[in-house]
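Asks: I am attaching a structure below and will ask some questions about it afterwards.
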Amino acid sequence: MRYMEISKLQRLLDLLRQQGELHSPVLGDDGVTRFELLPPGKLPDLAAIRTQLPPKKYLLHPQETILTYQADAGYRVPLATVPAMILFGLHPCDLAGISYLDRIFLGDEPDQLYLSRRAALTLIGVSCTPDEFCSCRLYPSPLEAWYDLFFQQSVDGIAVSIGSPRGAELMKILDDVMEERELLLPEDTRCFFGRKIPLPPESELDQGLPEWQVLAGHCIGCGACSVCCPTCSCFDVLEFGGLDGSSAERLRRWDNCLFRSHAEVAGGMSFQKDRAQRFRYRYRHKYRGFGQVKGVPGCTGCGRCRAFCPAGLDLRALAGKLEGDAS
Amino acid sequence: MCIPDKNIYKPHLATIEQIIDETPDVRTFRLVFEDEAVRDSFSFRSGQFAEYSAFGAGESTFCIASSPTRTGHIECCFRAVGKVTEALRRLEVGDSVGVRGPYGNSFPIEDFYGRNLVFVAGGIALPPLRTLIWNALDQRDRFGDITIVYGARTESDLVYKRELKEWQERSDVRLVKTVDPGGNGPDWDGQVGFVPTILEEAAPSAENTIALVCGPPIMIKFTLPVLEKLGFGDEQIYTTLENRMKCGLGKCGRCNVGNVYVCKDGPVFTAGQVKAMSQEF
């Protein structure tokens, strides 16, 4: 097995940097760990359990222009020029999050903006030790965690698995810092992924369940759970007309199903008038999926929504009750 | 990975060829694609929908209300109730709009060959069925009896008034039109009463018949039991739903009813499928 001593990490990062923009979890001066450009000389924050925002921000920008319009030129699509980028230090839950988004945005009718960014990404996973907010062991995601390389941390170094042809190519470049070792890894954390949450009949998602009201009563509707979720990808579309009257710009931005506006239609009508209904929708979308991810639970167990909810809400307790506790 | 040239969110430009005021706030556009290649290649099936853009205002979702048997243009019909539809309403003949689509599933019209058709519509929900009505009438000999039960709150709320007249005069169509009590003027020559009641009185035979229902949820709620009473099975009844959409492509994540996306799994559903979504509906 290819193995790298931890003392060679800085050298490895320098080699990776030659292949593209290197981004990884970086501990900021404010004490928050974020995925961002890793400056030369700085080490990634591999001890952090979770970044504040998941890596979806690289694929779906919080807000972006999807179309422009000019009266004399019609609709134009902004050109996406995407530099090669390496994401280093993705935990299995975040890799699973990206593979979930791939299903939505690359599966039938690919989204061009997403695809151009996704094609430029090299994904390097790193193993981690779950904390009390993580539920990757309790509700393992059935999603494949697609990666190019996966780094399994052990006592004094890192064991490397290759997950794609691109990963294999990259390993040739990294060969300088690698050695061959016979290793018996204590636990392969990649195999958190593979079990499926049993889906009970639709009727059990009864809208009369008191749990919806209880959750709704505590929720303050801030939207943090969706912003920090690696698989939440609902978007709103906004259009702004230019003051010249002959141009327009169409934007999309992250949306949140707990916002009243999410299900509002023309004339102020709404398909999900109260918060309990919106919770039920969130639960359904997250654990049951629609469209390209129908039947695929979209919770990767990263624990962000639970860690960041100011009201301390936890949808997983409900999942445990409804889907049969997998622990 | 290869990057597709096609951007799925980019609309085609279409010129408004004709505007028809159906009611004081409902308007029909007849649209012609500006790009000749698009005009020639655009094809759709009855039941599919499209996204229509008003520049600077945004996009809105409506069915394609014309029949695929009438080529060279498409028609849509909308009520001016929101930002986009108000902006569309300000447009004039010769102006451009954006159109992308067609999206969603469609009525399986081939399965209806040789059968009787009963259309049941309320208010502004006639356009989603009107595409199929003309589709069937344009190949009339493929179908048995065709019955149309259509109602609105008042006479003025009835859409496609000129076509109602045409259907009324045709001997191969049975049109039963109605308005809610109090909605009739002195010259009204139709029924007075709510659609489900009038449908029950009209009592079309369920034998070898497909029922196609579209209307406000309250109308559908009371119409389904009437059809059941008349002997229609769940798989003999089709409806078409709508919901808030931003993309039409299963990505923006908001048009679910129950466990389905209206944009990908619909908009056309059988009564059996709608009943499975029970509580949402």
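Each chain of the structure tokens is named A, B, ... in the order shown, its residues numbered from 1; ligands are numbered from 1 in display order.
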Taking only C-alpha atoms into account, report as a VMD selection string which residues of chain B lie within 8 Å of chain A.

Replies: chain B and resid 1 3 to 11 13 55 to 58 81 to 83 243 to 244 246 249 to 254 256 259 to 261 264 to 265 279

Asks: Run DSSP on the backbone and give me the residues of stretch 195-273 of chain A it puts in strand (DSSP E or B), as a count of residues only.

Replies: 17

Asks: Neighbours of A:Leu9 within 9 Å (only C-alpha atoms; same-chain residues fewer than 5 positions away dropped), as a compact mmCIF listing (two decimals) with all heavy atoms, in the first residue's frame?

Replies:
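Printed below is part27.txt as written:
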# COMPACT_ATOMS: atom_id res chain seq x y z
N MET A 4 2.46 7.62 3.09
CA MET A 4 3.27 8.83 3.20
C MET A 4 3.45 9.17 4.68
O MET A 4 2.47 9.20 5.44
CB MET A 4 2.56 10.00 2.51
CG MET A 4 3.40 11.27 2.47
SD MET A 4 2.43 12.71 1.97
CE MET A 4 1.64 13.13 3.51
N ASP A 14 3.00 21.08 -1.70
CA ASP A 14 3.69 21.83 -2.75
C ASP A 14 3.53 21.14 -4.11
O ASP A 14 3.34 21.80 -5.13
CB ASP A 14 5.17 22.00 -2.40
CG ASP A 14 5.37 22.98 -1.26
OD1 ASP A 14 4.46 23.81 -1.03
OD2 ASP A 14 6.41 22.91 -0.57
N LEU A 43 -0.44 24.99 6.94
CA LEU A 43 -0.94 23.61 6.92
C LEU A 43 -2.46 23.60 6.98
O LEU A 43 -3.07 24.45 7.62
CB LEU A 43 -0.37 22.84 8.12
CG LEU A 43 1.09 22.38 7.99
CD1 LEU A 43 1.57 21.78 9.30
CD2 LEU A 43 1.26 21.38 6.84
N GLY A 157 1.28 8.67 9.74
CA GLY A 157 1.24 8.99 8.32
C GLY A 157 -0.11 8.74 7.69
O GLY A 157 -1.14 8.69 8.37
N VAL A 177 6.96 11.48 -2.59
CA VAL A 177 6.75 11.53 -1.14
C VAL A 177 6.15 10.22 -0.61
O VAL A 177 5.85 10.11 0.56
CB VAL A 177 5.86 12.72 -0.73
CG1 VAL A 177 6.57 14.03 -1.01
CG2 VAL A 177 4.52 12.66 -1.45

Asks: Give me the residues near stretch 179-191 of chain B as a list in words, where near means some atom within 6 Å (using only C-alpha atoms) and where sequence neighbours in that chain fewer than 6 positions away do not count.

Replies: Gly151, Ala152, Arg153, Thr154 and Glu155 of chain B

Asks: So what do you get for atom CA of B:Ser66 versus atom CA of B:Pro217, distance-wise?

Replies: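 Value for the atom CA of B:Ser66-atom CA of B:Pro217 distance: 23.2 Å.
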
Asks: Let me make sure I understand: among B:Ile237, B:Val176, B:Ala50, B:Met219, which one has the smallest atom-to-atom distance to B:Ile198 if we use only C-alpha atoms?

Replies: B:Val176

Asks: Among stretch 18-218 of chain A, which residues carry a DSSP assignment of alpha helix (DSSP H), reported as a PDB file with N, CA and C atoms, in the first residue's frame?

Replies:
ATOM      1  N   LYS A  56     -19.934  22.337  -1.220  1.00  0.00           N
ATOM      2  CA  LYS A  56     -20.876  22.638  -2.316  1.00  0.00           C
ATOM      3  C   LYS A  56     -20.693  24.052  -2.843  1.00  0.00           C
ATOM      4  N   LYS A  57     -20.114  24.933  -2.002  1.00  0.00           N
ATOM      5  CA  LYS A  57     -19.946  26.331  -2.431  1.00  0.00           C
ATOM      6  C   LYS A  57     -19.044  26.450  -3.670  1.00  0.00           C
ATOM      7  N   TYR A  58     -18.202  25.421  -3.898  1.00  0.00           N
ATOM      8  CA  TYR A  58     -17.339  25.459  -5.082  1.00  0.00           C
ATOM      9  C   TYR A  58     -18.118  25.090  -6.352  1.00  0.00           C
ATOM     10  N   LEU A  59     -19.207  24.356  -6.174  1.00  0.00           N
ATOM     11  CA  LEU A  59     -19.963  23.873  -7.327  1.00  0.00           C
ATOM     12  C   LEU A  59     -21.188  24.719  -7.609  1.00  0.00           C
ATOM     13  N   PRO A  92     -15.418  11.894   4.345  1.00  0.00           N
ATOM     14  CA  PRO A  92     -16.325  11.036   3.568  1.00  0.00           C
ATOM     15  C   PRO A  92     -17.731  11.613   3.417  1.00  0.00           C
ATOM     16  N   CYS A  93     -18.236  12.288   4.460  1.00  0.00           N
ATOM     17  CA  CYS A  93     -19.592  12.852   4.360  1.00  0.00           C
ATOM     18  C   CYS A  93     -19.653  13.934   3.280  1.00  0.00           C
ATOM     19  N   ASP A  94     -18.589  14.730   3.172  1.00  0.00           N
ATOM     20  CA  ASP A  94     -18.585  15.782   2.156  1.00  0.00           C
ATOM     21  C   ASP A  94     -18.389  15.207   0.751  1.00  0.00           C
ATOM     22  N   LEU A  95     -17.623  14.137   0.663  1.00  0.00           N
ATOM     23  CA  LEU A  95     -17.502  13.451  -0.636  1.00  0.00           C
ATOM     24  C   LEU A  95     -18.868  12.903  -1.045  1.00  0.00           C
ATOM     25  N   ALA A  96     -19.582  12.333  -0.073  1.00  0.00           N
ATOM     26  CA  ALA A  96     -20.914  11.796  -0.367  1.00  0.00           C
ATOM     27  C   ALA A  96     -21.850  12.930  -0.774  1.00  0.00           C
ATOM     28  N   GLY A  97     -21.667  14.101  -0.151  1.00  0.00           N
ATOM     29  CA  GLY A  97     -22.486  15.260  -0.504  1.00  0.00           C
ATOM     30  C   GLY A  97     -22.276  15.658  -1.951  1.00  0.00           C
ATOM     31  N   ILE A  98     -21.030  15.633  -2.384  1.00  0.00           N
ATOM     32  CA  ILE A  98     -20.735  15.996  -3.782  1.00  0.00           C
ATOM     33  C   ILE A  98     -21.330  14.950  -4.737  1.00  0.00           C
ATOM     34  N   SER A  99     -21.264  13.693  -4.350  1.00  0.00           N
ATOM     35  CA  SER A  99     -21.818  12.677  -5.260  1.00  0.00           C
ATOM     36  C   SER A  99     -23.343  12.782  -5.337  1.00  0.00           C
ATOM     37  N   TYR A 100     -23.961  13.261  -4.255  1.00  0.00           N
ATOM     38  CA  TYR A 100     -25.413  13.497  -4.268  1.00  0.00           C
ATOM     39  C   TYR A 100     -25.742  14.651  -5.225  1.00  0.00           C
ATOM     40  N   LEU A 101     -24.965  15.727  -5.108  1.00  0.00           N
ATOM     41  CA  LEU A 101     -25.190  16.874  -6.004  1.00  0.00           C
ATOM     42  C   LEU A 101     -24.937  16.480  -7.458  1.00  0.00           C
ATOM     43  N   ASP A 102     -23.935  15.615  -7.673  1.00  0.00           N
ATOM     44  CA  ASP A 102     -23.655  15.144  -9.036  1.00  0.00           C
ATOM     45  C   ASP A 102     -24.885  14.489  -9.652  1.00  0.00           C
ATOM     46  N   ARG A 103     -25.589  13.714  -8.834  1.00  0.00           N
ATOM     47  CA  ARG A 103     -26.773  13.036  -9.370  1.00  0.00           C
ATOM     48  C   ARG A 103     -27.801  14.039  -9.858  1.00  0.00           C
ATOM     49  N   ILE A 104     -27.961  15.135  -9.079  1.00  0.00           N
ATOM     50  CA  ILE A 104     -28.976  16.129  -9.443  1.00  0.00           C
ATOM     51  C   ILE A 104     -28.522  16.969 -10.633  1.00  0.00           C
ATOM     52  N   PHE A 105     -27.270  17.438 -10.569  1.00  0.00           N
ATOM     53  CA  PHE A 105     -26.848  18.439 -11.559  1.00  0.00           C
ATOM     54  C   PHE A 105     -26.127  17.856 -12.768  1.00  0.00           C
ATOM     55  N   LEU A 106     -25.710  16.604 -12.674  1.00  0.00           N
ATOM     56  CA  LEU A 106     -25.085  15.969 -13.847  1.00  0.00           C
ATOM     57  C   LEU A 106     -25.981  14.894 -14.441  1.00  0.00           C
ATOM     58  N   GLN A 112     -24.803  23.227 -16.922  1.00  0.00           N
ATOM     59  CA  GLN A 112     -23.518  23.563 -17.522  1.00  0.00           C
ATOM     60  C   GLN A 112     -22.550  24.230 -16.544  1.00  0.00           C
ATOM     61  N   LEU A 113     -23.060  25.150 -15.732  1.00  0.00           N
ATOM     62  CA  LEU A 113     -22.190  25.829 -14.769  1.00  0.00           C
ATOM     63  C   LEU A 113     -21.602  24.824 -13.778  1.00  0.00           C
ATOM     64  N   TYR A 114     -22.471  23.948 -13.288  1.00  0.00           N
ATOM     65  CA  TYR A 114     -22.025  22.935 -12.326  1.00  0.00           C
ATOM     66  C   TYR A 114     -20.983  22.020 -12.969  1.00  0.00           C
ATOM     67  N   LEU A 115     -21.305  21.583 -14.162  1.00  0.00           N
ATOM     68  CA  LEU A 115     -20.428  20.621 -14.835  1.00  0.00           C
ATOM     69  C   LEU A 115     -19.042  21.193 -15.109  1.00  0.00           C
ATOM     70  N   SER A 116     -19.010  22.476 -15.534  1.00  0.00           N
ATOM     71  CA  SER A 116     -17.699  23.051 -15.849  1.00  0.00           C
ATOM     72  C   SER A 116     -16.847  23.144 -14.585  1.00  0.00           C
ATOM     73  N   ARG A 117     -17.484  23.412 -13.466  1.00  0.00           N
ATOM     74  CA  ARG A 117     -16.719  23.482 -12.209  1.00  0.00           C
ATOM     75  C   ARG A 117     -16.345  22.092 -11.708  1.00  0.00           C
ATOM     76  N   ARG A 118     -17.270  21.181 -11.847  1.00  0.00           N
ATOM     77  CA  ARG A 118     -17.036  19.825 -11.349  1.00  0.00           C
ATOM     78  C   ARG A 118     -15.895  19.164 -12.115  1.00  0.00           C
ATOM     79  N   ALA A 119     -15.874  19.445 -13.427  1.00  0.00           N
ATOM     80  CA  ALA A 119     -14.840  18.829 -14.264  1.00  0.00           C
ATOM     81  C   ALA A 119     -13.454  19.338 -13.886  1.00  0.00           C
ATOM     82  N   PRO A 165      -9.173   7.289 -12.469  1.00  0.00           N
ATOM     83  CA  PRO A 165      -8.002   7.432 -13.348  1.00  0.00           C
ATOM     84  C   PRO A 165      -7.252   8.733 -13.066  1.00  0.00           C
ATOM     85  N   ARG A 166      -7.999   9.791 -12.753  1.00  0.00           N
ATOM     86  CA  ARG A 166      -7.346  11.058 -12.453  1.00  0.00           C
ATOM     87  C   ARG A 166      -6.495  10.921 -11.184  1.00  0.00           C
ATOM     88  N   GLY A 167      -7.023  10.172 -10.221  1.00  0.00           N
ATOM     89  CA  GLY A 167      -6.280   9.916  -8.992  1.00  0.00           C
ATOM     90  C   GLY A 167      -5.013   9.133  -9.274  1.00  0.00           C
ATOM     91  N   ALA A 168      -5.124   8.178 -10.187  1.00  0.00           N
ATOM     92  CA  ALA A 168      -3.957   7.350 -10.525  1.00  0.00           C
ATOM     93  C   ALA A 168      -2.862   8.205 -11.173  1.00  0.00           C
ATOM     94  N   GLU A 169      -3.285   9.122 -12.062  1.00  0.00           N
ATOM     95  CA  GLU A 169      -2.333  10.035 -12.702  1.00  0.00           C
ATOM     96  C   GLU A 169      -1.639  10.907 -11.659  1.00  0.00           C
ATOM     97  N   LEU A 170      -2.442  11.406 -10.735  1.00  0.00           N
ATOM     98  CA  LEU A 170      -1.915  12.288  -9.706  1.00  0.00           C
ATOM     99  C   LEU A 170      -0.905  11.548  -8.829  1.00  0.00           C
ATOM    100  N   MET A 171      -1.162  10.289  -8.577  1.00  0.00           N
ATOM    101  CA  MET A 171      -0.252   9.506  -7.720  1.00  0.00           C
ATOM    102  C   MET A 171       1.149   9.418  -8.318  1.00  0.00           C
ATOM    103  N   LYS A 172       1.216   9.412  -9.657  1.00  0.00           N
ATOM    104  CA  LYS A 172       2.525   9.365 -10.320  1.00  0.00           C
ATOM    105  C   LYS A 172       3.334  10.609  -9.941  1.00  0.00           C
ATOM    106  N   ILE A 173       2.640  11.747  -9.902  1.00  0.00           N
ATOM    107  CA  ILE A 173       3.304  13.004  -9.565  1.00  0.00           C
ATOM    108  C   ILE A 173       3.696  13.051  -8.093  1.00  0.00           C
ATOM    109  N   PRO A 210     -47.595  14.820  15.516  1.00  0.00           N
ATOM    110  CA  PRO A 210     -47.305  15.968  16.398  1.00  0.00           C
ATOM    111  C   PRO A 210     -45.874  16.472  16.248  1.00  0.00           C
ATOM    112  N   GLU A 211     -44.964  15.602  15.777  1.00  0.00           N
ATOM    113  CA  GLU A 211     -43.555  16.013  15.666  1.00  0.00           C
ATOM    114  C   GLU A 211     -43.360  17.225  14.763  1.00  0.00           C
ATOM    115  N   TRP A 212     -44.153  17.306  13.708  1.00  0.00           N
ATOM    116  CA  TRP A 212     -43.983  18.450  12.799  1.00  0.00           C
ATOM    117  C   TRP A 212     -44.237  19.748  13.556  1.00  0.00           C
ATOM    118  N   GLN A 213     -45.303  19.752  14.347  1.00  0.00           N
ATOM    119  CA  GLN A 213     -45.653  20.954  15.113  1.00  0.00           C
ATOM    120  C   GLN A 213     -44.590  21.264  16.156  1.00  0.00           C
ATOM    121  N   VAL A 214     -44.053  20.215  16.799  1.00  0.00           N
ATOM    122  CA  VAL A 214     -43.037  20.430  17.835  1.00  0.00           C
ATOM    123  C   VAL A 214     -41.798  21.082  17.202  1.00  0.00           C
ATOM    124  N   LEU A 215     -41.359  20.510  16.089  1.00  0.00           N
ATOM    125  CA  LEU A 215     -40.196  21.076  15.400  1.00  0.00           C
ATOM    126  C   LEU A 215     -40.472  22.513  14.969  1.00  0.00           C
ATOM    127  N   ALA A 216     -41.665  22.708  14.400  1.00  0.00           N
ATOM    128  CA  ALA A 216     -42.023  24.039  13.901  1.00  0.00           C
ATOM    129  C   ALA A 216     -42.061  25.050  15.044  1.00  0.00           C
ATOM    130  N   GLY A 217     -42.482  24.604  16.206  1.00  0.00           N
ATOM    131  CA  GLY A 217     -42.589  25.493  17.348  1.00  0.00           C
ATOM    132  C   GLY A 217     -41.235  25.984  17.837  1.00  0.00           C
ATOM    133  N   HIS A 218     -40.201  25.184  17.620  1.00  0.00           N
ATOM    134  CA  HIS A 218     -38.881  25.572  18.086  1.00  0.00           C
ATOM    135  C   HIS A 218     -38.060  26.304  17.027  1.00  0.00           C
TER     136      HIS A 218
END

Asks: Show me, as an NGL selection string, the residues that have an atom within 6 Å of stretch 21-31 of chain A when counting only C-alpha atoms, minus same-chain residues fewer than 5 positions from it.

Replies: :A and (36-38 or 44-45 or 85-89)

Asks: Once you have the residues from the selection above, write them out as a compact mmCIF listing (two decimals), in the first residue's frame, restricted to N, CA and C atoms.

Replies:
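Okay, selection-v3.txt is ready:
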# COMPACT_ATOMS: atom_id res chain seq x y z
N GLU A 36 -10.85 27.00 1.99
CA GLU A 36 -10.38 28.15 1.22
C GLU A 36 -9.00 27.87 0.65
N LEU A 37 -8.50 28.83 -0.13
CA LEU A 37 -7.18 28.69 -0.73
C LEU A 37 -6.15 28.48 0.38
N LEU A 38 -5.34 27.45 0.23
CA LEU A 38 -4.32 27.16 1.24
C LEU A 38 -3.04 27.89 0.86
N PRO A 44 -3.07 22.62 6.31
CA PRO A 44 -4.52 22.52 6.39
C PRO A 44 -4.95 22.10 7.80
N ASP A 45 -6.16 22.47 8.15
CA ASP A 45 -6.68 22.12 9.47
C ASP A 45 -7.33 20.73 9.40
N MET A 85 -8.68 22.90 -9.93
CA MET A 85 -8.70 23.13 -8.49
C MET A 85 -8.65 21.79 -7.76
N ILE A 86 -7.86 21.76 -6.70
CA ILE A 86 -7.76 20.54 -5.91
C ILE A 86 -8.36 20.80 -4.54
N LEU A 87 -9.37 20.02 -4.18
CA LEU A 87 -9.92 20.12 -2.83
C LEU A 87 -9.27 19.02 -2.00
N PHE A 88 -8.52 19.46 -1.01
CA PHE A 88 -7.77 18.52 -0.18
C PHE A 88 -8.36 18.51 1.22
N GLY A 89 -8.64 17.33 1.73
CA GLY A 89 -9.14 17.24 3.11
C GLY A 89 -10.64 17.09 3.21

Asks: Mind giving me the straight-line distance from atom CA of B:Phe49 to atom CA of B:Phe143 in Å, one decimal?

Replies: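 Distance reported for this atom pair: 24.2 Å.
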
Asks: Quick one: residues within 7 Å of B:Cys77, only C-alpha atoms counted, chain neighbours fewer than 4 positions away excluded, as a list in words?

Replies: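 The contact residues come out as Val26, Arg27, Thr28, Phe29, Ala65 and Pro127 of chain B.
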